[in-house]
Every structure is written in structure tokens, then in C-alpha cells.
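Text of work-v5.cif, listed as mmCIF, C-alpha atoms:
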```cif
data_entry
loop_
_atom_site.label_atom_id
_atom_site.label_comp_id
_atom_site.auth_asym_id
_atom_site.auth_seq_id
_atom_site.Cartn_x
_atom_site.Cartn_y
_atom_site.Cartn_z
CA MET A 1 0.00 0.00 0.00
CA SER A 2 1.28 3.48 -0.85
CA GLU A 3 2.04 6.04 1.85
CA ALA A 4 -1.10 7.97 0.89
CA GLY A 5 -3.15 4.78 1.07
CA THR A 6 -1.72 3.96 4.49
CA GLN A 7 -2.52 7.45 5.75
CA MET A 8 -6.09 7.21 4.46
CA GLU A 9 -6.55 3.81 6.09
CA GLN A 10 -5.30 5.24 9.39
CA LEU A 11 -7.68 8.20 9.01
CA LYS A 12 -10.61 5.85 8.38
CA GLN A 13 -9.74 3.84 11.50
CA ARG A 14 -9.65 7.03 13.57
CA MET A 15 -13.01 8.08 12.16
CA LYS A 16 -14.47 4.69 12.99
CA SER A 17 -13.20 4.94 16.57
CA THR A 18 -14.59 8.46 16.84
CA TRP A 19 -18.12 7.44 15.82
CA MET A 20 -17.95 4.40 18.11
CA ALA A 21 -17.05 6.60 21.09
CA GLY A 22 -19.76 7.77 23.46
CA ASP A 23 -23.27 6.53 22.75
CA PHE A 24 -24.72 8.07 19.62
CA GLY A 25 -28.03 6.37 20.35
CA GLN A 26 -28.62 8.97 23.07
CA ILE A 27 -28.21 11.75 20.50
CA ALA A 28 -30.23 9.96 17.83
CA ARG A 29 -33.31 9.79 20.06
CA LEU A 30 -33.53 13.58 19.93
CA ASN A 31 -33.41 13.52 16.12
CA GLU A 32 -36.06 10.88 15.39
CA LYS A 33 -38.88 13.24 14.44
CA SER A 34 -36.78 15.15 11.91
CA ALA A 35 -35.58 11.87 10.41
CA GLU A 36 -39.17 10.70 9.99
CA GLU A 37 -40.06 13.98 8.28
CA PHE A 38 -37.02 13.67 5.98
CA VAL A 39 -38.04 10.14 4.95
CA GLY A 40 -41.68 11.20 4.60
CA ARG A 41 -40.74 13.60 1.81
CA LEU A 42 -39.06 10.90 -0.32
CA GLY A 43 -42.17 9.28 -1.76
CA LEU A 44 -41.03 5.74 -0.95
CA LYS A 45 -43.32 2.91 -2.04
CA PRO A 46 -43.71 -0.75 -1.03
CA GLY A 47 -41.15 -2.95 -2.71
CA MET A 48 -38.66 -0.19 -3.48
CA ARG A 49 -35.04 -1.05 -2.68
CA VAL A 50 -33.56 1.60 -0.39
CA LEU A 51 -30.00 2.05 0.86
CA ASP A 52 -29.45 4.20 3.96
CA VAL A 53 -25.77 5.18 4.02
CA ALA A 54 -24.17 6.08 7.36
CA CYS A 55 -27.42 4.91 8.92
CA GLY A 56 -26.27 5.15 12.53
CA THR A 57 -28.84 3.67 14.89
CA GLY A 58 -31.51 3.49 12.19
CA ASN A 59 -33.32 6.82 12.38
CA GLN A 60 -33.94 6.86 8.62
CA SER A 61 -33.93 3.11 7.99
CA ILE A 62 -36.84 2.44 10.33
CA PRO A 63 -39.38 4.92 8.87
CA ALA A 64 -38.23 3.91 5.39
CA ALA A 65 -39.00 0.26 6.17
CA LYS A 66 -42.42 1.23 7.52
CA THR A 67 -43.37 2.36 3.99
CA GLY A 68 -43.00 -1.23 2.83
CA ALA A 69 -39.66 -0.58 1.15
CA SER A 70 -36.86 -3.16 1.28
CA VAL A 71 -34.20 -1.35 3.30
CA THR A 72 -30.48 -1.89 3.79
CA GLY A 73 -28.61 0.24 6.31
CA LEU A 74 -24.83 0.69 6.17
CA ASP A 75 -22.48 2.28 8.69
CA ILE A 76 -18.81 2.17 9.69
CA ALA A 77 -19.58 1.82 13.41
CA PRO A 78 -20.64 -1.72 14.44
CA ASN A 79 -21.94 -0.62 17.85
CA LEU A 80 -24.39 1.75 16.18
CA LEU A 81 -25.52 -1.06 13.88
CA ASP A 82 -26.17 -3.25 16.92
CA GLN A 83 -28.53 -0.58 18.25
CA ALA A 84 -30.19 -0.25 14.85
CA ARG A 85 -30.81 -4.01 14.67
CA ALA A 86 -32.30 -4.01 18.16
CA ARG A 87 -34.63 -1.15 17.27
CA ALA A 88 -35.76 -2.83 14.07
CA THR A 89 -36.37 -6.14 15.86
CA ALA A 90 -38.42 -4.43 18.54
CA GLN A 91 -40.66 -3.00 15.83
CA ASN A 92 -40.85 -6.25 13.82
CA LEU A 93 -39.11 -4.67 10.83
CA ASN A 94 -36.95 -6.71 8.49
CA ILE A 95 -34.01 -4.41 7.76
CA LYS A 96 -30.57 -5.59 6.71
CA PHE A 97 -27.82 -3.72 8.55
CA ILE A 98 -24.20 -4.14 7.44
CA GLU A 99 -20.85 -2.59 8.27
CA GLY A 100 -19.36 -0.66 5.37
CA ASP A 101 -17.80 2.50 3.97
CA ALA A 102 -19.69 5.23 2.12
CA GLU A 103 -16.71 5.60 -0.21
CA GLU A 104 -16.67 1.90 -1.17
CA LEU A 105 -20.23 0.63 -1.19
CA PRO A 106 -20.30 -3.21 -1.33
CA PHE A 107 -23.13 -3.44 -3.85
CA PRO A 108 -23.51 -4.00 -7.60
CA ASN A 109 -24.24 -1.19 -10.03
CA ALA A 110 -27.85 0.07 -10.18
CA GLU A 111 -28.90 -1.96 -7.15
CA PHE A 112 -31.20 0.56 -5.43
CA ASP A 113 -34.23 2.68 -6.26
CA ALA A 114 -33.21 5.21 -3.61
CA VAL A 115 -29.92 5.98 -1.85
CA ILE A 116 -30.34 8.18 1.21
CA SER A 117 -28.12 9.70 3.89
CA MET A 118 -29.04 12.20 6.57
CA PHE A 119 -26.18 13.86 8.48
CA GLY A 120 -24.03 10.83 7.71
CA ALA A 121 -22.14 10.44 4.44
CA MET A 122 -21.28 14.14 4.59
CA PHE A 123 -18.53 13.22 7.09
CA ALA A 124 -16.64 10.88 4.73
CA PRO A 125 -13.21 12.39 3.95
CA ARG A 126 -13.41 12.05 0.12
CA PRO A 127 -16.73 13.53 -1.00
CA GLU A 128 -16.09 12.91 -4.70
CA ARG A 129 -15.98 9.18 -3.97
CA VAL A 130 -19.22 9.36 -2.03
CA ALA A 131 -20.97 11.07 -4.93
CA SER A 132 -19.54 8.57 -7.43
CA GLU A 133 -20.59 5.58 -5.34
CA PHE A 134 -24.09 6.96 -4.74
CA LYS A 135 -24.57 7.37 -8.49
CA ARG A 136 -23.12 3.95 -9.23
CA VAL A 137 -25.44 1.93 -6.99
CA CYS A 138 -28.59 3.95 -7.80
CA LYS A 139 -30.80 2.96 -10.72
CA THR A 140 -31.47 5.27 -13.65
CA GLY A 141 -34.53 7.26 -12.63
CA GLY A 142 -33.74 6.57 -9.00
CA LEU A 143 -33.43 9.07 -6.17
CA ILE A 144 -30.39 10.14 -4.20
CA ALA A 145 -31.47 12.04 -1.08
CA MET A 146 -29.21 13.73 1.45
CA GLY A 147 -29.66 15.94 4.47
CA ASN A 148 -26.48 18.00 4.98
CA TRP A 149 -25.77 20.67 7.58
CA THR A 150 -25.03 24.08 6.05
CA PRO A 151 -21.95 26.11 7.02
CA GLU A 152 -24.05 29.09 8.10
CA GLY A 153 -26.54 27.11 10.20
CA PHE A 154 -26.21 26.60 13.95
CA VAL A 155 -24.74 23.09 13.71
CA GLY A 156 -22.33 24.37 11.07
CA LYS A 157 -21.18 26.99 13.57
CA VAL A 158 -20.72 24.28 16.21
CA PHE A 159 -18.52 22.31 13.80
CA ALA A 160 -16.52 25.42 12.90
CA LEU A 161 -15.92 26.10 16.58
CA GLY A 162 -14.75 22.54 17.08
CA ALA A 163 -12.33 22.87 14.15
CA LYS A 164 -10.96 26.06 15.73
CA HIS A 165 -10.11 24.25 18.97
CA VAL A 166 -9.11 20.92 17.41
CA PRO A 167 -8.01 21.39 13.77
CA PRO A 168 -9.12 18.60 11.40
CA PRO A 169 -6.64 16.46 9.44
CA PRO A 170 -5.01 18.38 6.58
CA GLY A 171 -6.58 17.93 3.19
CA VAL A 172 -9.99 16.81 4.47
CA PRO A 173 -12.73 19.22 3.33
CA ALA A 174 -15.21 20.55 5.85
CA PRO A 175 -18.29 18.26 6.03
CA THR A 176 -20.57 21.30 5.81
CA LEU A 177 -19.46 21.96 2.22
CA TRP A 178 -22.08 19.29 1.43
CA GLY A 179 -24.55 21.96 2.55
CA VAL A 180 -23.63 24.33 -0.32
CA GLU A 181 -25.78 23.88 -3.43
CA ASN A 182 -23.19 24.62 -6.12
CA ILE A 183 -20.69 22.28 -4.46
CA VAL A 184 -23.27 19.48 -4.38
CA ARG A 185 -23.95 20.00 -8.10
CA GLU A 186 -20.24 19.96 -8.85
CA ARG A 187 -19.65 16.77 -6.87
CA PHE A 188 -22.42 14.80 -8.54
CA GLY A 189 -21.68 16.17 -12.00
CA ASP A 190 -23.72 15.47 -15.13
CA GLY A 191 -26.69 13.17 -15.53
CA VAL A 192 -28.53 14.37 -12.44
CA ALA A 193 -31.63 16.53 -11.99
CA PHE A 194 -31.61 18.40 -8.68
CA ASP A 195 -34.26 19.66 -6.31
CA MET A 196 -32.62 21.33 -3.31
CA ASN A 197 -33.99 23.46 -0.52
CA LYS A 198 -33.04 24.42 3.01
CA VAL A 199 -34.96 22.94 5.91
CA ASN A 200 -35.00 24.04 9.54
CA PHE A 201 -34.13 21.34 12.05
CA LYS A 202 -35.58 21.84 15.53
CA PHE A 203 -33.50 20.39 18.36
CA GLU A 204 -35.08 20.38 21.81
CA PHE A 205 -33.37 19.39 25.04
CA ASP A 206 -34.82 19.38 28.54
CA GLY A 207 -31.95 21.19 30.19
CA SER A 208 -29.78 24.30 30.09
CA PRO A 209 -27.21 25.02 27.36
CA GLU A 210 -24.52 24.04 29.88
CA LYS A 211 -26.16 20.64 30.43
CA LEU A 212 -26.61 20.18 26.69
CA VAL A 213 -22.91 20.81 26.05
CA ASP A 214 -22.04 18.24 28.72
CA PHE A 215 -24.60 15.83 27.24
CA PHE A 216 -22.88 16.02 23.84
CA ARG A 217 -19.47 15.77 25.49
CA GLN A 218 -20.55 12.51 27.13
CA TYR A 219 -22.50 10.86 24.30
CA PHE A 220 -21.50 12.38 20.93
CA GLY A 221 -18.33 10.64 19.76
CA PRO A 222 -16.79 13.54 17.79
CA THR A 223 -17.27 15.94 20.70
CA GLN A 224 -15.97 13.43 23.23
CA VAL A 225 -12.87 12.74 21.13
CA ALA A 226 -12.25 16.45 20.51
CA PHE A 227 -12.23 17.15 24.24
CA SER A 228 -9.86 14.21 24.82
CA LYS A 229 -7.26 15.84 22.58
CA LEU A 230 -7.08 19.00 24.73
CA ASP A 231 -5.40 19.65 28.06
CA ALA A 232 -7.45 20.84 31.02
CA ALA A 233 -7.15 24.51 30.10
CA GLY A 234 -8.05 23.80 26.47
CA GLN A 235 -11.07 21.77 27.54
CA ALA A 236 -12.27 24.61 29.73
CA ARG A 237 -11.94 27.13 26.89
CA TYR A 238 -13.71 24.81 24.42
CA ARG A 239 -16.57 24.16 26.82
CA ALA A 240 -16.97 27.86 27.60
CA ASP A 241 -17.12 28.70 23.89
CA LEU A 242 -19.68 25.96 23.25
CA VAL A 243 -21.85 27.10 26.15
CA GLN A 244 -21.74 30.67 24.87
CA LEU A 245 -22.71 29.55 21.35
CA TYR A 246 -25.58 27.41 22.59
CA THR A 247 -26.78 30.16 24.92
CA GLU A 248 -26.76 32.75 22.12
CA HIS A 249 -28.86 30.47 19.90
CA ASN A 250 -31.22 29.14 22.56
CA GLN A 251 -34.81 29.98 21.66
CA GLY A 252 -36.21 28.26 24.71
CA GLU A 253 -36.05 28.98 28.43
CA PRO A 254 -32.77 29.05 30.38
CA ASN A 255 -33.37 25.47 31.55
CA HIS A 256 -34.94 24.22 28.32
CA THR A 257 -32.76 24.49 25.23
CA ILE A 258 -34.30 24.82 21.77
CA THR A 259 -32.14 25.48 18.74
CA LEU A 260 -33.00 25.76 15.08
CA SER A 261 -30.40 24.77 12.53
CA GLU A 262 -30.79 24.59 8.80
CA TYR A 263 -29.72 21.75 6.58
CA LEU A 264 -29.69 21.41 2.82
CA GLN A 265 -32.16 18.82 1.61
CA VAL A 266 -30.83 17.30 -1.60
CA HIS A 267 -33.07 15.31 -3.95
CA ALA A 268 -31.02 14.21 -6.95
CA ARG A 269 -32.75 12.16 -9.65
CA LEU A 270 -30.52 10.10 -11.96
CA LEU A 271 -31.31 10.73 -15.63
#
```

So that I can check it, write out the structure of this file as C-alpha cells.
Amino acid sequence: MSEAGTQMEQLKQRMKSTWMAGDFGQIARLNEKSAEEFVGRLGLKPGMRVLDVACGTGNQSIPAAKTGASVTGLDIAPNLLDQARARATAQNLNIKFIEGDAEELPFPNAEFDAVISMFGAMFAPRPERVASEFKRVCKTGGLIAMGNWTPEGFVGKVFALGAKHVPPPPGVPAPTLWGVENIVRERFGDGVAFDMNKVNFKFEFDGSPEKLVDFFRQYFGPTQVAFSKLDAAGQARYRADLVQLYTEHNQGEPNHTITLSEYLQVHARLL
């Protein structure tokens, strides 16, 4: 393997460890309603073959399966897949969950009627490969649907703050570039008809901004890992900046945090 290949493999292993850290299932519970709304706008029908890339604990896979579609969920983090399987079993849903990489999808060409990813594949380090793989496994006339945080939205600002305190690996583009329309068009290239619009995501937490920051620090892998890379003084500064950001954007009461953050909804139809 070349030096570049070795470095990429090491990066992928670090990313896998990051998403396995904490307990993303705790975060996912707060996102279930928005995931259901995202899936509800896809027009899925019984019998359609659907691939949910970077499926996490199944927030999109489960409502997709409830439409009668045949759903496969894929993620790099096996512990999240275990939670997804348990959720599907509890609801008597037959969903296939497999471990895999958004940049190297283990499926034949034109296998799926719809390929979807909400706040997931946008984190892969080589976006051009993600776009290529999505197009490859989707049928002509099929739908590629993504939900991607925008740079200017609240979550985008949280990510930018994190990058300020803990710089990302060199050469890896910001995930929120997937939230910019012209960049999405450029990445997917020709042969695609787009329908894109920005959607507000409502996040509600029964606690103060300070408690919410600590909640993410405990359960959200990327935040937990970011804090672990800082010394005590750096952790204190990072936490203070996060609390300030959450407080400034809190639309709820002091002890009940409500934030609105936009994401770019991408519907790309293969021609």
C-alpha cells in the first residue's frame, strides 16, 4: 500500500473509533422526528429497494421500512448497527444492517431505487468518492437524497468552533461543504436533476445550554474525542465557547434548550 493509502486507512480507523465513542443512540433519540419527516418527503413505495448510508442507529432506515420498502442500512460503526438491529427487531421490521464504507459501497451497479443519507455520508473524507458511489449503486430514474448541515446554520457553527479548537486532518474538506448547493452540483456532475432546498431542524433538550454541552461531550463521539485531545485549560476554553454559542442560539427557556439549525435537503434524480 502506498504512503497515501496507508494514511487514508489510518484516518478511516480514527473516524471509525470516533463514531464508536460515546453513545450516539442517546443523541439519535432527539433527532427521530426530523428523520421521519425527511423520509416522509421521499415518496417511498412498497417494494422499493432503499440504501441508507451512514445509517447510525436506524433513524432513517426504520421509517423507510415502515413504507413497505426493502431497506439496507450501512455504517462504519458496528456498535451503532447493533442498536439499529435491536430497534428494528423491537418494531418487527426486516431491515438488513451491514458494516461498510460510504466511499466503497459493497453493492452491484444500479442496485437501489433510492440511496439516502441524513447527516451521515457528509462526514466521509473524500466527497467525490461518495458522490460517485451513490450514483453507481442507484438505478437510472432513482433518487439520491441527502440531508447536509449548512456552514451558516447553527450546527455548522458548532462544527466550525470545534475545528478552531481541534483542527481537522489536513486535506480533508469541511463536512458542511455538502450543505452548499453549487458544491453538491459539482460533486455529482452530469446526468442528475436536482431539487434542493433548506430545511429548519428543531432540536429540543430538557436542560440548560450548559447541560446540553455536557450531554454532547458525554455521548456524541466527535465531541468526546475532541475534548480528549485537549489539556485541562483547552477543555475549559472549548466548553466555555460551546456554552456561549448554545446560549446565544437558545430559543427556549434558560433550563430548556431549543435550537433551530438549517440543513440542505438534496433530492437528486438520476437521468

Q: Kindly indicate which residue among A:Met146, A:Leu260, A:Cys138, A:Ala268 lies nearest to Phe194 of chain A, using all atoms listed in the file for the distances.
A: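 The answer is A:Ala268, which sits nearest to Phe194 of chain A.
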
Taking all atoms listed in the file into account, produce a table as CSV in which each residue of segment 76-154 of chain A with an atom at most 10 Å from an atom of segment 30-35 of chain A appears once, together with its shortest atom pair and the distance in Å to one decimal, ordered by chain and rising number.
```
residue,atom,partner,partner_atom,distance
A:Met118,CA,A:Ala35,CA,7.6
A:Phe119,CA,A:Ala35,CA,9.8
A:Gly147,CA,A:Ala35,CA,9.3
```

(Q) Measuring between only C-alpha atoms, which one of A:Leu11, A:Ile27, A:Val39, A:Ala131 shows the shortest distance to Val192 of chain A? (A)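 Result for the nearest residue to Val192 of chain A: A:Ala131.
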
Q: Write out as a list of chain:residue names which residues come within 9 Å of Leu51 of chain A when counting only C-alpha atoms, dropping same-chain ones fewer than 2 positions away.
A: A:Arg49, A:Val53, A:Cys55, A:Ser61, A:Ser70, A:Val71, A:Thr72, A:Gly73, A:Leu74, A:Phe112, A:Asp113, A:Ala114, A:Val115, A:Ile116, A:Ser117, A:Cys138

Q. How many Å lie between atom CA of Phe24 of chain A and atom CA of Tyr219 of chain A, rounded to one decimal?
A.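 Separation between atom CA of Phe24 of chain A and atom CA of Tyr219 of chain A: 5.9 Å.
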
Q.
Report, in Å to a single decimal, how far apart atom CA of Tyr238 of chain A and atom CA of Ala54 of chain A are.
A.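 Taking atom CA of Ala54 of chain A and atom CA of Tyr238 of chain A, their separation equals 27.4 Å.
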
Q) Using the chain letters and numbers from the file, which residues does the PyMOL selection byres ((chain A and resi 97-107) around 8) grab, as a VMD selection string? A) chain A and resid 53 to 54 72 to 78 81 84 to 85 95 to 96 108 to 109 111 121 124 126 to 127 129 to 130 133 137

Q.
So that I can check the surroundings of Glu248 of chain A, please list as a list in words every protein, DNA and RNA residue that reaches within 10 Å of it, counting only C-alpha atoms and ignoring chain neighbours fewer than 5 positions away.
A.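 My list of contacting residues is Pro209, Leu242, Val243 and Thr259 of chain A.
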
Q. Contacts of Val184 of chain A at 12 Å or less, counting all atoms listed in the file, minus same-chain residues fewer than 4 places along, as a PyMOL selection string?
A. chain A and resi 122+127-128+130-132+144-148+150+175-180+188-190+192-196+264-268

Return as JSON the box centre and box size in Å, one decimal, for an axis-aligned box around all listed atoms of segment 222-226 of chain A padded by 4 Å per side.
```
{"center_x": -14.8, "center_y": 14.6, "center_z": 20.5, "size_x": 13.0, "size_y": 11.7, "size_z": 13.4}
```

**Q.** Nearest candidate to His249 of chain A (options A:Val50, A:Val155, A:Ala69, A:Ile183; using all atoms listed in the file)
**A.**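 Closest candidate: A:Val155.
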
Q.
the PyMOL selection byres ((chain A and resi 258) around 9) - which residues does that actually catch in the file I just gave you? List them as a ChimeraX atom specification.
A. /A:202-206,249-253,256-257,259-260

Q) In Å, with one decimal, what is the gap from atom CA of Lys135 of chain A to atom CA of Pro151 of chain A? A)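 According to the coordinates, atom CA of Lys135 of chain A and atom CA of Pro151 of chain A are separated by 24.5 Å.
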
Q: Determine the residue membership of the PyMOL selection byres ((chain A and resi 45) around 7) for the file above and supply it as a PyMOL selection string.
A: chain A and resi 43-44+46-48+67-69
